[in-house]
file structure_6.cif (mmCIF, C-alpha atoms)
data_structure
loop_
_atom_site.label_atom_id
_atom_site.label_comp_id
_atom_site.auth_asym_id
_atom_site.auth_seq_id
_atom_site.Cartn_x
_atom_site.Cartn_y
_atom_site.Cartn_z
CA MET A 1 126.40 47.54 88.46
CA ALA A 2 129.05 48.88 90.89
CA GLU A 3 128.01 52.37 89.80
CA LYS A 4 124.38 51.49 90.54
CA ILE A 5 125.23 50.16 94.00
CA ALA A 6 127.34 53.20 94.87
CA LEU A 7 124.50 55.49 93.83
CA LYS A 8 121.98 53.47 95.83
CA LYS A 9 124.21 53.85 98.91
CA LYS A 10 124.39 57.59 98.36
CA VAL A 11 120.60 57.87 98.00
CA LEU A 12 120.10 55.80 101.15
CA SER A 13 122.54 57.78 103.26
CA GLU A 14 120.85 61.02 102.17
CA ASN A 15 117.58 59.35 103.18
CA ASP A 16 119.02 58.43 106.59
CA ARG A 17 120.11 61.99 107.19
CA LEU A 18 116.60 63.31 106.49
CA ALA A 19 115.00 60.51 108.53
CA ALA A 20 117.18 61.47 111.52
CA GLU A 21 116.00 65.06 111.18
CA ILE A 22 112.33 63.94 111.08
CA ARG A 23 112.94 61.72 114.12
CA ARG A 24 114.44 64.67 116.01
CA GLN A 25 111.46 66.91 115.24
CA LEU A 26 108.99 64.25 116.36
CA LYS A 27 110.88 63.19 119.52
CA GLU A 28 111.22 66.81 120.61
CA ARG A 29 107.42 67.00 120.74
CA GLY A 30 106.89 63.54 122.23
CA ILE A 31 105.18 62.25 119.08
CA VAL A 32 105.14 58.49 118.49
CA ALA A 33 105.55 57.66 114.78
CA LEU A 34 104.46 54.36 113.24
CA ASN A 35 105.21 53.35 109.64
CA PHE A 36 102.56 50.90 108.35
CA VAL A 37 103.75 48.52 105.65
CA SER A 38 102.14 45.54 103.88
CA SER A 39 101.18 43.99 100.55
CA PRO A 40 98.46 45.79 98.62
CA GLY A 41 95.11 44.77 100.05
CA SER A 42 96.16 43.52 103.50
CA GLY A 43 93.89 46.08 105.10
CA LYS A 44 96.19 48.95 106.16
CA THR A 45 93.63 51.63 105.31
CA THR A 46 90.80 49.77 107.04
CA LEU A 47 92.88 49.25 110.20
CA LEU A 48 93.77 52.94 110.20
CA GLU A 49 90.12 53.97 109.64
CA ARG A 50 88.97 51.84 112.57
CA THR A 51 91.80 53.10 114.78
CA LEU A 52 91.23 56.80 114.01
CA SER A 53 87.59 56.47 114.69
CA ALA A 54 87.94 54.39 117.90
CA LEU A 55 90.58 56.62 119.49
CA ARG A 56 89.48 60.04 118.26
CA ASP A 57 88.41 61.28 121.70
CA GLU A 58 91.57 60.05 123.45
CA ILE A 59 94.57 60.40 121.18
CA ARG A 60 95.21 62.97 118.47
CA ILE A 61 96.58 61.29 115.39
CA GLY A 62 98.24 62.88 112.38
CA LEU A 63 98.32 60.65 109.33
CA ILE A 64 100.24 60.64 106.05
CA ALA A 65 98.51 58.37 103.53
CA GLY A 66 100.95 57.27 100.85
CA ASP A 67 99.83 55.86 97.54
CA VAL A 68 101.33 55.31 94.09
CA GLN A 69 98.29 56.89 92.52
CA THR A 70 94.91 58.31 93.72
CA GLU A 71 93.98 59.99 97.00
CA ASN A 72 91.26 57.39 97.69
CA ASP A 73 92.84 56.18 100.93
CA ALA A 74 93.35 59.69 102.24
CA ASN A 75 89.71 60.48 101.50
CA ARG A 76 88.53 57.35 103.32
CA LEU A 77 90.68 58.32 106.31
CA LEU A 78 89.43 61.89 106.33
CA ARG A 79 85.88 60.54 106.53
CA ALA A 80 86.92 58.31 109.45
CA GLY A 81 87.56 61.41 111.48
CA GLY A 82 91.13 62.37 110.74
CA ASP A 83 91.23 66.11 110.30
CA MET A 84 95.01 65.81 110.21
CA VAL A 85 95.17 63.36 107.31
CA ARG A 86 97.38 64.33 104.39
CA PRO A 87 97.66 62.41 101.10
CA LEU A 88 101.10 61.67 99.66
CA VAL A 89 100.93 60.44 96.07
CA THR A 90 104.29 59.08 94.93
CA GLY A 91 103.35 59.26 91.23
CA GLY A 92 104.86 55.88 90.42
CA ALA A 93 107.50 55.38 93.11
CA CYS A 94 107.22 52.03 94.89
CA HIS A 95 107.92 53.27 98.41
CA LEU A 96 107.86 56.40 100.55
CA ASP A 97 111.16 58.04 101.41
CA ALA A 98 112.18 60.58 104.04
CA LYS A 99 112.29 63.42 101.52
CA MET A 100 108.61 62.90 100.67
CA ILE A 101 107.74 62.88 104.39
CA MET A 102 109.75 66.10 104.89
CA ARG A 103 107.70 67.74 102.16
CA VAL A 104 104.33 66.87 103.76
CA LEU A 105 105.29 67.32 107.41
CA PRO A 106 104.79 71.13 107.49
CA GLU A 107 101.12 70.55 106.58
CA ILE A 108 100.57 68.73 109.87
CA ASP A 109 100.31 70.62 113.14
CA LEU A 110 102.97 68.74 115.11
CA ASP A 111 102.23 70.67 118.29
CA HIS A 112 98.78 69.15 118.48
CA ILE A 113 99.27 65.44 117.80
CA HIS A 114 100.34 62.48 119.94
CA PHE A 115 100.87 60.01 117.11
CA LEU A 116 102.03 60.27 113.53
CA PHE A 117 100.84 57.33 111.43
CA ILE A 118 102.42 56.84 108.02
CA GLU A 119 100.63 54.55 105.59
CA ASN A 120 103.31 53.34 103.20
CA VAL A 121 102.79 52.17 99.60
CA GLY A 122 101.44 48.58 99.41
CA ASN A 123 104.69 46.70 98.77
CA LEU A 124 106.50 44.14 100.94
CA VAL A 125 109.92 44.73 99.40
CA CYS A 126 111.08 48.28 98.71
CA PRO A 127 109.65 50.16 101.72
CA SER A 128 111.76 47.97 104.02
CA SER A 129 114.92 49.85 102.96
CA TYR A 130 113.73 53.38 103.71
CA ASP A 131 113.77 54.83 107.21
CA LEU A 132 111.09 57.55 107.47
CA GLY A 133 112.07 58.70 110.96
CA GLU A 134 109.51 56.39 112.57
CA ASP A 135 109.76 54.76 116.00
CA MET A 136 108.58 51.43 114.64
CA LYS A 137 107.47 49.71 111.48
CA VAL A 138 104.16 47.87 111.78
CA VAL A 139 103.83 45.13 109.16
CA LEU A 140 100.36 43.86 108.28
CA ILE A 141 99.67 40.47 106.78
CA SER A 142 96.25 39.08 106.04
CA THR A 143 95.17 35.46 106.45
CA THR A 144 94.30 35.29 102.74
CA GLU A 145 97.94 35.89 101.70
CA GLY A 146 99.66 32.72 102.85
CA ASP A 147 101.55 32.06 106.08
CA ASP A 148 104.91 31.80 104.28
CA LYS A 149 105.17 35.56 103.67
CA PRO A 150 107.69 36.22 106.50
CA LEU A 151 110.05 33.67 104.91
CA LYS A 152 109.66 35.16 101.45
CA TYR A 153 110.02 38.81 102.50
CA PRO A 154 112.39 38.48 105.48
CA ALA A 155 113.85 42.02 105.37
CA MET A 156 110.47 43.55 106.09
CA PHE A 157 109.67 41.25 109.00
CA ARG A 158 113.18 41.67 110.42
CA ARG A 159 112.89 45.46 110.42
CA ALA A 160 109.35 45.60 111.79
CA SER A 161 108.64 45.79 115.53
CA VAL A 162 105.01 44.76 115.27
CA MET A 163 103.15 42.29 113.05
CA VAL A 164 99.38 42.60 112.71
CA VAL A 165 97.67 39.51 111.29
CA ASN A 166 94.43 40.83 109.79
CA LYS A 167 91.29 39.06 108.44
CA ILE A 168 91.23 36.32 111.08
CA ASP A 169 87.49 36.07 110.32
CA LEU A 170 88.58 34.37 107.06
CA LEU A 171 90.63 31.65 108.79
CA GLY A 172 89.53 28.28 107.47
CA THR A 173 88.88 29.52 103.93
CA SER A 174 92.49 28.64 103.00
CA ASP A 175 95.29 26.56 104.54
CA PHE A 176 96.70 29.64 106.35
CA SER A 177 97.70 28.70 109.91
CA LEU A 178 98.14 31.26 112.71
CA GLU A 179 100.59 28.94 114.39
CA ARG A 180 102.73 28.69 111.26
CA VAL A 181 102.75 32.41 110.53
CA ARG A 182 103.81 33.10 114.14
CA LYS A 183 106.57 30.51 113.90
CA ASN A 184 107.78 31.83 110.52
CA ALA A 185 107.73 35.46 111.70
CA LEU A 186 109.38 34.83 115.09
CA GLY A 187 112.02 32.70 113.37
CA ILE A 188 113.02 35.81 111.40
CA ASN A 189 112.53 38.25 114.26
CA PRO A 190 112.05 36.88 117.80
CA GLU A 191 111.28 40.37 119.18
CA LEU A 192 108.20 40.86 117.03
CA LYS A 193 105.05 41.87 118.92
CA ILE A 194 102.05 40.15 117.31
CA PHE A 195 98.37 41.12 117.09
CA GLU A 196 95.73 38.91 115.50
CA LEU A 197 92.52 40.66 114.54
CA SER A 198 89.74 41.23 112.08
CA CYS A 199 89.01 44.80 111.03
CA ARG A 200 85.75 43.52 109.60
CA THR A 201 84.24 41.85 112.70
CA GLY A 202 86.23 43.89 115.24
CA GLU A 203 87.65 40.76 116.92
CA GLY A 204 91.04 41.46 118.50
CA LEU A 205 90.92 45.21 117.89
CA GLU A 206 90.66 46.07 121.60
CA SER A 207 94.13 44.73 122.43
CA TRP A 208 95.54 46.70 119.50
CA TYR A 209 93.88 49.89 120.81
CA ASP A 210 95.07 49.14 124.35
CA TRP A 211 98.63 48.78 123.13
CA LEU A 212 98.39 52.16 121.36
CA ARG A 213 96.93 53.74 124.53
CA GLU A 214 99.80 52.37 126.57
CA LEU A 215 102.31 53.68 124.02
CA ALA A 216 100.77 57.14 124.23
CA ARG A 217 100.84 57.02 128.03
CA GLN A 218 104.50 56.01 128.14
CA ARG A 219 105.53 58.73 125.74
CA ARG A 220 103.73 61.42 127.71
CA ALA A 221 105.35 60.22 130.95
CA VAL A 222 108.88 60.66 129.53
CA MET B 223 118.08 63.28 91.27
CA ALA B 224 118.82 63.97 87.58
CA GLU B 225 121.80 61.65 87.95
CA LYS B 226 119.53 58.98 89.43
CA ILE B 227 117.01 59.31 86.57
CA ALA B 228 119.74 59.17 83.91
CA LEU B 229 121.12 56.02 85.49
CA LYS B 230 117.66 54.46 85.73
CA LYS B 231 117.18 55.12 81.98
CA LYS B 232 120.52 53.48 81.23
CA VAL B 233 119.63 50.42 83.33
CA LEU B 234 116.24 50.16 81.62
CA SER B 235 117.60 50.46 78.10
CA GLU B 236 120.18 47.75 78.85
CA ASN B 237 117.25 45.68 80.15
CA ASP B 238 115.30 46.31 76.93
CA ARG B 239 118.23 45.15 74.85
CA LEU B 240 118.46 41.86 76.78
CA ALA B 241 114.66 41.43 76.72
CA ALA B 242 114.68 41.78 72.92
CA GLU B 243 117.33 39.05 72.71
CA ILE B 244 115.26 36.74 74.96
CA ARG B 245 112.16 37.46 72.84
CA ARG B 246 114.10 36.58 69.69
CA GLN B 247 115.27 33.25 71.13
CA LEU B 248 111.76 32.32 72.23
CA LYS B 249 109.98 33.45 69.03
CA GLU B 250 112.45 31.51 66.90
CA ARG B 251 111.26 28.32 68.62
CA GLY B 252 107.58 29.29 68.70
CA ILE B 253 107.53 29.52 72.50
CA VAL B 254 104.79 31.64 74.11
CA ALA B 255 106.10 33.48 77.17
CA LEU B 256 103.86 34.80 79.96
CA ASN B 257 105.09 36.99 82.82
CA PHE B 258 102.86 36.53 85.92
CA VAL B 259 102.71 39.53 88.24
CA SER B 260 100.65 40.32 91.37
CA SER B 261 100.73 41.33 95.01
CA PRO B 262 102.21 38.80 97.41
CA GLY B 263 99.57 36.23 98.22
CA SER B 264 97.22 36.69 95.25
CA GLY B 265 97.72 33.07 94.32
CA LYS B 266 100.25 33.10 91.45
CA THR B 267 101.96 29.92 92.61
CA THR B 268 98.66 28.11 93.16
CA LEU B 269 97.37 29.11 89.70
CA LEU B 270 100.63 27.88 88.17
CA GLU B 271 100.49 24.61 90.14
CA ARG B 272 96.97 23.91 88.93
CA THR B 273 97.83 24.87 85.36
CA LEU B 274 100.99 22.73 85.17
CA SER B 275 99.15 19.76 86.53
CA ALA B 276 96.01 20.20 84.35
CA LEU B 277 97.91 20.67 81.09
CA ARG B 278 100.88 18.35 81.61
CA ASP B 279 99.78 15.84 78.99
CA GLU B 280 98.99 18.47 76.36
CA ILE B 281 101.42 21.36 76.61
CA ARG B 282 105.03 21.34 77.75
CA ILE B 283 105.67 24.25 80.05
CA GLY B 284 109.01 25.66 81.22
CA LEU B 285 108.76 27.78 84.34
CA ILE B 286 111.03 30.29 86.05
CA ALA B 287 109.87 30.84 89.64
CA GLY B 288 111.13 34.19 90.95
CA ASP B 289 111.26 35.00 94.62
CA VAL B 290 113.03 37.50 96.84
CA GLN B 291 114.06 34.71 99.17
CA THR B 292 113.46 30.93 99.44
CA GLU B 293 112.86 28.35 96.76
CA ASN B 294 109.53 27.30 98.30
CA ASP B 295 107.50 28.23 95.23
CA ALA B 296 109.83 26.42 92.87
CA ASN B 297 109.62 23.31 95.05
CA ARG B 298 105.81 23.46 95.08
CA LEU B 299 105.83 23.79 91.30
CA LEU B 300 108.25 20.91 90.83
CA ARG B 301 105.88 18.73 92.83
CA ALA B 302 103.00 19.86 90.59
CA GLY B 303 104.71 18.14 87.70
CA GLY B 304 107.00 20.71 86.21
CA ASP B 305 110.28 18.99 85.42
CA MET B 306 111.33 22.20 83.71
CA VAL B 307 110.86 24.46 86.73
CA ARG B 308 113.84 26.59 87.73
CA PRO B 309 114.02 28.79 90.84
CA LEU B 310 115.29 32.35 90.53
CA VAL B 311 116.03 33.92 93.91
CA THR B 312 116.63 37.66 93.59
CA GLY B 313 118.30 37.92 97.01
CA GLY B 314 116.52 41.12 97.93
CA ALA B 315 115.64 42.69 94.57
CA CYS B 316 112.00 43.69 94.25
CA HIS B 317 111.50 42.54 90.64
CA LEU B 318 112.94 40.25 88.01
CA ASP B 319 114.91 41.77 85.17
CA ALA B 320 115.98 40.48 81.77
CA LYS B 321 119.54 39.85 82.94
CA MET B 322 118.32 37.42 85.60
CA ILE B 323 116.19 35.61 83.03
CA MET B 324 119.17 35.40 80.66
CA ARG B 325 121.15 33.72 83.43
CA VAL B 326 118.53 31.01 84.04
CA LEU B 327 117.40 30.45 80.46
CA PRO B 328 120.24 28.04 79.51
CA GLU B 329 119.00 25.68 82.25
CA ILE B 330 115.71 25.22 80.38
CA ASP B 331 115.53 23.04 77.29
CA LEU B 332 113.94 25.54 74.92
CA ASP B 333 113.66 23.00 72.12
CA HIS B 334 111.18 20.99 74.13
CA ILE B 335 108.71 23.52 75.54
CA HIS B 336 105.66 25.27 74.12
CA PHE B 337 105.25 27.82 76.91
CA LEU B 338 107.62 29.69 79.18
CA PHE B 339 105.91 30.90 82.35
CA ILE B 340 107.75 33.42 84.49
CA GLU B 341 106.51 33.93 88.05
CA ASN B 342 107.64 37.41 89.03
CA VAL B 343 108.29 38.67 92.58
CA GLY B 344 105.07 39.51 94.46
CA ASN B 345 104.97 43.27 93.93
CA LEU B 346 102.46 45.40 92.02
CA VAL B 347 104.84 48.30 91.40
CA CYS B 348 108.42 47.57 90.34
CA PRO B 349 107.95 44.55 88.02
CA SER B 350 105.76 46.71 85.74
CA SER B 351 108.86 48.57 84.48
CA TYR B 352 110.92 45.55 83.41
CA ASP B 353 110.36 43.79 80.12
CA LEU B 354 111.49 40.17 80.43
CA GLY B 355 111.02 39.30 76.75
CA GLU B 356 107.50 37.97 77.39
CA ASP B 357 104.59 38.00 74.95
CA MET B 358 102.22 39.20 77.64
CA LYS B 359 102.02 40.16 81.28
CA VAL B 360 99.28 38.38 83.22
CA VAL B 361 98.27 40.32 86.33
CA LEU B 362 96.52 38.46 89.16
CA ILE B 363 94.33 40.13 91.73
CA SER B 364 92.42 38.33 94.45
CA THR B 365 88.96 39.23 95.72
CA THR B 366 90.35 39.73 99.22
CA GLU B 367 92.57 42.63 98.11
CA GLY B 368 90.06 45.33 97.24
CA ASP B 369 88.56 46.22 93.87
CA ASP B 370 90.38 49.58 93.74
CA LYS B 371 93.79 48.01 93.01
CA PRO B 372 93.76 48.82 89.24
CA LEU B 373 93.30 52.51 90.12
CA LYS B 374 96.07 52.47 92.69
CA TYR B 375 98.59 50.55 90.59
CA PRO B 376 97.66 51.71 87.07
CA ALA B 377 101.03 51.08 85.39
CA MET B 378 100.77 47.35 86.02
CA PHE B 379 97.21 47.05 84.71
CA ARG B 380 98.04 49.22 81.70
CA ARG B 381 100.98 47.02 80.72
CA ALA B 382 99.21 43.70 81.30
CA SER B 383 97.27 41.94 78.56
CA VAL B 384 95.35 39.64 80.88
CA MET B 385 93.83 40.10 84.34
CA VAL B 386 92.99 37.02 86.39
CA VAL B 387 90.64 37.69 89.32
CA ASN B 388 91.35 34.87 91.77
CA LYS B 389 89.56 33.67 94.94
CA ILE B 390 86.02 34.26 93.63
CA ASP B 391 84.93 31.62 96.19
CA LEU B 392 85.55 34.33 98.81
CA LEU B 393 83.21 36.90 97.19
CA GLY B 394 80.80 38.15 99.80
CA THR B 395 83.32 38.04 102.66
CA SER B 396 84.29 41.65 101.88
CA ASP B 397 82.81 44.51 99.85
CA PHE B 398 84.85 43.52 96.77
CA SER B 399 82.68 43.75 93.64
CA LEU B 400 83.48 41.95 90.37
CA GLU B 401 81.64 44.62 88.46
CA ARG B 402 83.70 47.39 90.06
CA VAL B 403 87.04 45.66 89.53
CA ARG B 404 86.17 45.09 85.86
CA LYS B 405 85.15 48.72 85.45
CA ASN B 406 88.29 49.99 87.20
CA ALA B 407 90.58 47.72 85.20
CA LEU B 408 88.97 48.36 81.80
CA GLY B 409 89.00 52.10 82.53
CA ILE B 410 92.81 51.86 82.72
CA ASN B 411 93.17 49.33 79.89
CA PRO B 412 90.15 48.61 77.64
CA GLU B 413 92.01 45.78 75.86
CA LEU B 414 92.42 43.69 79.02
CA LYS B 415 91.23 40.09 78.73
CA ILE B 416 89.64 39.07 82.04
CA PHE B 417 89.29 35.68 83.75
CA GLU B 418 87.42 35.18 87.02
CA LEU B 419 88.22 32.00 88.88
CA SER B 420 88.97 30.20 92.11
CA CYS B 421 92.10 28.07 92.26
CA ARG B 422 90.66 26.57 95.43
CA THR B 423 87.30 25.31 94.14
CA GLY B 424 88.34 25.10 90.48
CA GLU B 425 85.48 27.35 89.32
CA GLY B 426 86.41 29.23 86.15
CA LEU B 427 89.67 27.34 85.59
CA GLU B 428 88.40 25.58 82.46
CA SER B 429 88.13 28.81 80.45
CA TRP B 430 91.63 29.77 81.55
CA TYR B 431 92.95 26.38 80.37
CA ASP B 432 91.00 26.70 77.10
CA TRP B 433 92.52 30.08 76.45
CA LEU B 434 96.02 28.66 77.00
CA ARG B 435 95.21 25.72 74.68
CA GLU B 436 94.07 28.13 71.99
CA LEU B 437 97.24 30.21 72.44
CA ALA B 438 99.38 27.10 72.01
CA ARG B 439 97.41 26.09 68.91
CA GLN B 440 97.78 29.52 67.30
CA ARG B 441 101.51 29.62 67.94
CA ARG B 442 102.06 26.18 66.45
CA ALA B 443 100.05 27.16 63.36
CA VAL B 444 102.29 30.15 62.64
#
call {"tool": "encode", "arguments": {"input": "structure_6.cif", "output": "structure tokens"}}
result
Amino acid sequence: MAEKIALKKKVLSENDRLAAEIRRQLKERGIVALNFVSSPGSGKTTLLERTLSALRDEIRIGLIAGDVQTENDANRLLRAGGDMVRPLVTGGACHLDAKMIMRVLPEIDLDHIHFLFIENVGNLVCPSSYDLGEDMKVVLISTTEGDDKPLKYPAMFRRASVMVVNKIDLLGTSDFSLERVRKNALGINPELKIFELSCRTGEGLESWYDWLRELARQRRAV
Amino acid sequence: MAEKIALKKKVLSENDRLAAEIRRQLKERGIVALNFVSSPGSGKTTLLERTLSALRDEIRIGLIAGDVQTENDANRLLRAGGDMVRPLVTGGACHLDAKMIMRVLPEIDLDHIHFLFIENVGNLVCPSSYDLGEDMKVVLISTTEGDDKPLKYPAMFRRASVMVVNKIDLLGTSDFSLERVRKNALGINPELKIFELSCRTGEGLESWYDWLRELARQRRAV
């Protein structure tokens, strides 16, 4: 067990070294990087599809679409207008790590993007431990999952800067309460910025887009 | 990397040894063990609550409720009538392993149960690699998650014997198709037994209960 822990530390510090190098390359070019994490089926791909297509004339977005298996998500995102979408199939691994990002990064033209979006593997546990060189983690949770998720997966909500509550059009079909999920999430991480939206009806998406626009503006001004 | 893989193999074979020992102890007493796996929020705890409370006068069920953090699920299940419910908090680990089960098992009176239910951590990736000594894995998927999940997490659907499609009362609120999820799942694993139900409305629960009754009958007859 001690051997296992020591090895895990070694793997993580190697990951941190690579993540720092990715961060340096992105910062140098003023690129904002967001790492999207959630359970399977919370709607990461749909949120990214809508965002790519809404902002395509304003902000150039590079996107790495991680999946355990299949390039389905990457194909959906390519159709949504991302010509800088690259699939990253982990072939079984339960999270993305910095080494995988390093391998795909040269396929993206960093001199021509404002944002790098990374769609992590659908998993609320393991991806929380791996820095990918991002500016922020964005954690999605959908109203069909239960408002106790921040309490049950605290590491993820502690390390995220933004929480997106998706599928608010389905409020009322379960006992999920927006008030409770806010309270549970802010109890873990009082700094969390929260968006509540429905990728299906479009409700709430404008404030999400506005926040991304503002982020892009700030980064360019630096 | 080779070092990491070698160590992983060692950890897994130690796990297999312990799982075989658990399986022996359960078989000896004619106990049927089911390992419930799913994404966070698919409704494992709710299905288990309903099942404990529906079958409490017919079948005695021991239950190990795994969670990364909090004993909320275990408390819900205790209220549902399980006096043989034990919490198993992994404290960060993304899956249960046989060693953890071994630790909790002495707290359950094996001479007085017919079934052992194990509620795994909500995670569609990592728990697929760890045998817990169960007879079968039962994988839950909810209609709000997307019907492509068997393709994206094939290892889990390949290793499961049963797939429960939950939240069928929400069909029509997304483009989830029962036909597609069946096709995707059976493409990965043609032997999969499938139940379609709603823990909220109760639709479909009777065939699930009947199947459990039949399983208990068969085991007693052996």
call {"tool": "residues_around", "arguments": {"input": "structure_6.cif", "residues": "A:Ser42", "least_positions_apart": "6", "cutoff": "8 Å", "atoms": "all atoms listed in the file", "output": "VMD selection string"}}
result
(chain A and resid 140 to 142 166) or (chain B and resid 367)
call {"tool": "residues_around", "arguments": {"input": "structure_6.cif", "residues": "A:Arg76", "least_positions_apart": "2", "cutoff": "10 Å", "atoms": "all atoms listed in the file", "output": "JSON, numbers by chain"}}
result
{"A": [45, 46, 48, 49, 71, 72, 73, 74, 78, 79, 80, 81, 82, 85]}
call {"tool": "residues_near_point", "arguments": {"input": "structure_6.cif", "point": "(117.3, 46.6, 107.4)", "cutoff": "10 Å", "atoms": "only C-alpha atoms", "output": "list in words"}}
result
Ser128, Ser129, Tyr130, Asp131, Pro154, Ala155, Met156, Phe157, Arg158, Arg159 and Ala160 of chain A
call {"tool": "resolve_selection", "arguments": {"input": "structure_6.cif", "expression": "the PyMOL selection byres ((chain A and resi 21) around 12)", "output": "tab-separated table (two decimals) with C-alpha atoms, keeping the file's coordinate frame"}}
result
chain	number	residue	atom	x	y	z
A	14	GLU	CA	120.85	61.02	102.17
A	15	ASN	CA	117.58	59.35	103.18
A	16	ASP	CA	119.02	58.43	106.59
A	17	ARG	CA	120.11	61.99	107.19
A	18	LEU	CA	116.60	63.31	106.49
A	19	ALA	CA	115.00	60.51	108.53
A	20	ALA	CA	117.18	61.47	111.52
A	22	ILE	CA	112.33	63.94	111.08
A	23	ARG	CA	112.94	61.72	114.12
A	24	ARG	CA	114.44	64.67	116.01
A	25	GLN	CA	111.46	66.91	115.24
A	26	LEU	CA	108.99	64.25	116.36
A	27	LYS	CA	110.88	63.19	119.52
A	28	GLU	CA	111.22	66.81	120.61
A	98	ALA	CA	112.18	60.58	104.04
A	99	LYS	CA	112.29	63.42	101.52
A	101	ILE	CA	107.74	62.88	104.39
A	102	MET	CA	109.75	66.10	104.89
A	105	LEU	CA	105.29	67.32	107.41
A	131	ASP	CA	113.77	54.83	107.21
A	132	LEU	CA	111.09	57.55	107.47
A	133	GLY	CA	112.07	58.70	110.96
A	134	GLU	CA	109.51	56.39	112.57
call {"tool": "closest_residue", "arguments": {"input": "structure_6.cif", "among": "A:Lys167, A:Arg180, A:Lys9, A:Lys137", "to": "A:Pro150", "atoms": "all atoms listed in the file"}}
result
A:Arg180
call {"tool": "resolve_selection", "arguments": {"input": "structure_6.cif", "expression": "the PyMOL selection byres ((chain A) within 10 of (chain B))", "output": "VMD selection string"}}
result
chain A and resid 1 3 to 4 7 to 8 11 38 to 43 67 to 73 89 91 to 95 121 to 126 141 to 155 167 169 to 170 173 to 174 200
call {"tool": "residues_near_point", "arguments": {"input": "structure_6.cif", "point": "(102.8, 59.4, 104.5)", "cutoff": "6 Å", "atoms": "all atoms listed in the file", "output": "list in words"}}
result
Ile64, Ala65, Gly66, Leu88, Ile118 and Glu119 of chain A
call {"tool": "residues_around", "arguments": {"input": "structure_6.cif", "residues": "A:His114", "least_positions_apart": "4", "cutoff": "12 Å", "atoms": "only C-alpha atoms", "output": "list in words"}}
result
Leu26, Lys27, Glu28, Arg29, Gly30, Ile31, Val32, Ala33, Leu34, Leu55, Arg56, Glu58, Ile59, Arg60, Ile61, Gly62, Leu63, Met84, Ile108, Asp109, Leu110, Leu212, Arg213, Leu215, Ala216, Arg217, Gln218, Arg219 and Arg220 of chain A
call {"tool": "atom_distance", "arguments": {"input": "structure_6.cif", "atom1": "atom CA of A:Trp211", "atom2": "atom CA of A:Asp83"}}
result
22.8 Å
call {"tool": "closest_residue", "arguments": {"input": "structure_6.cif", "among": "B:Leu299, B:Val361, B:Leu393, B:Leu318", "to": "B:Ser420", "atoms": "all atoms listed in the file"}}
result
B:Leu393
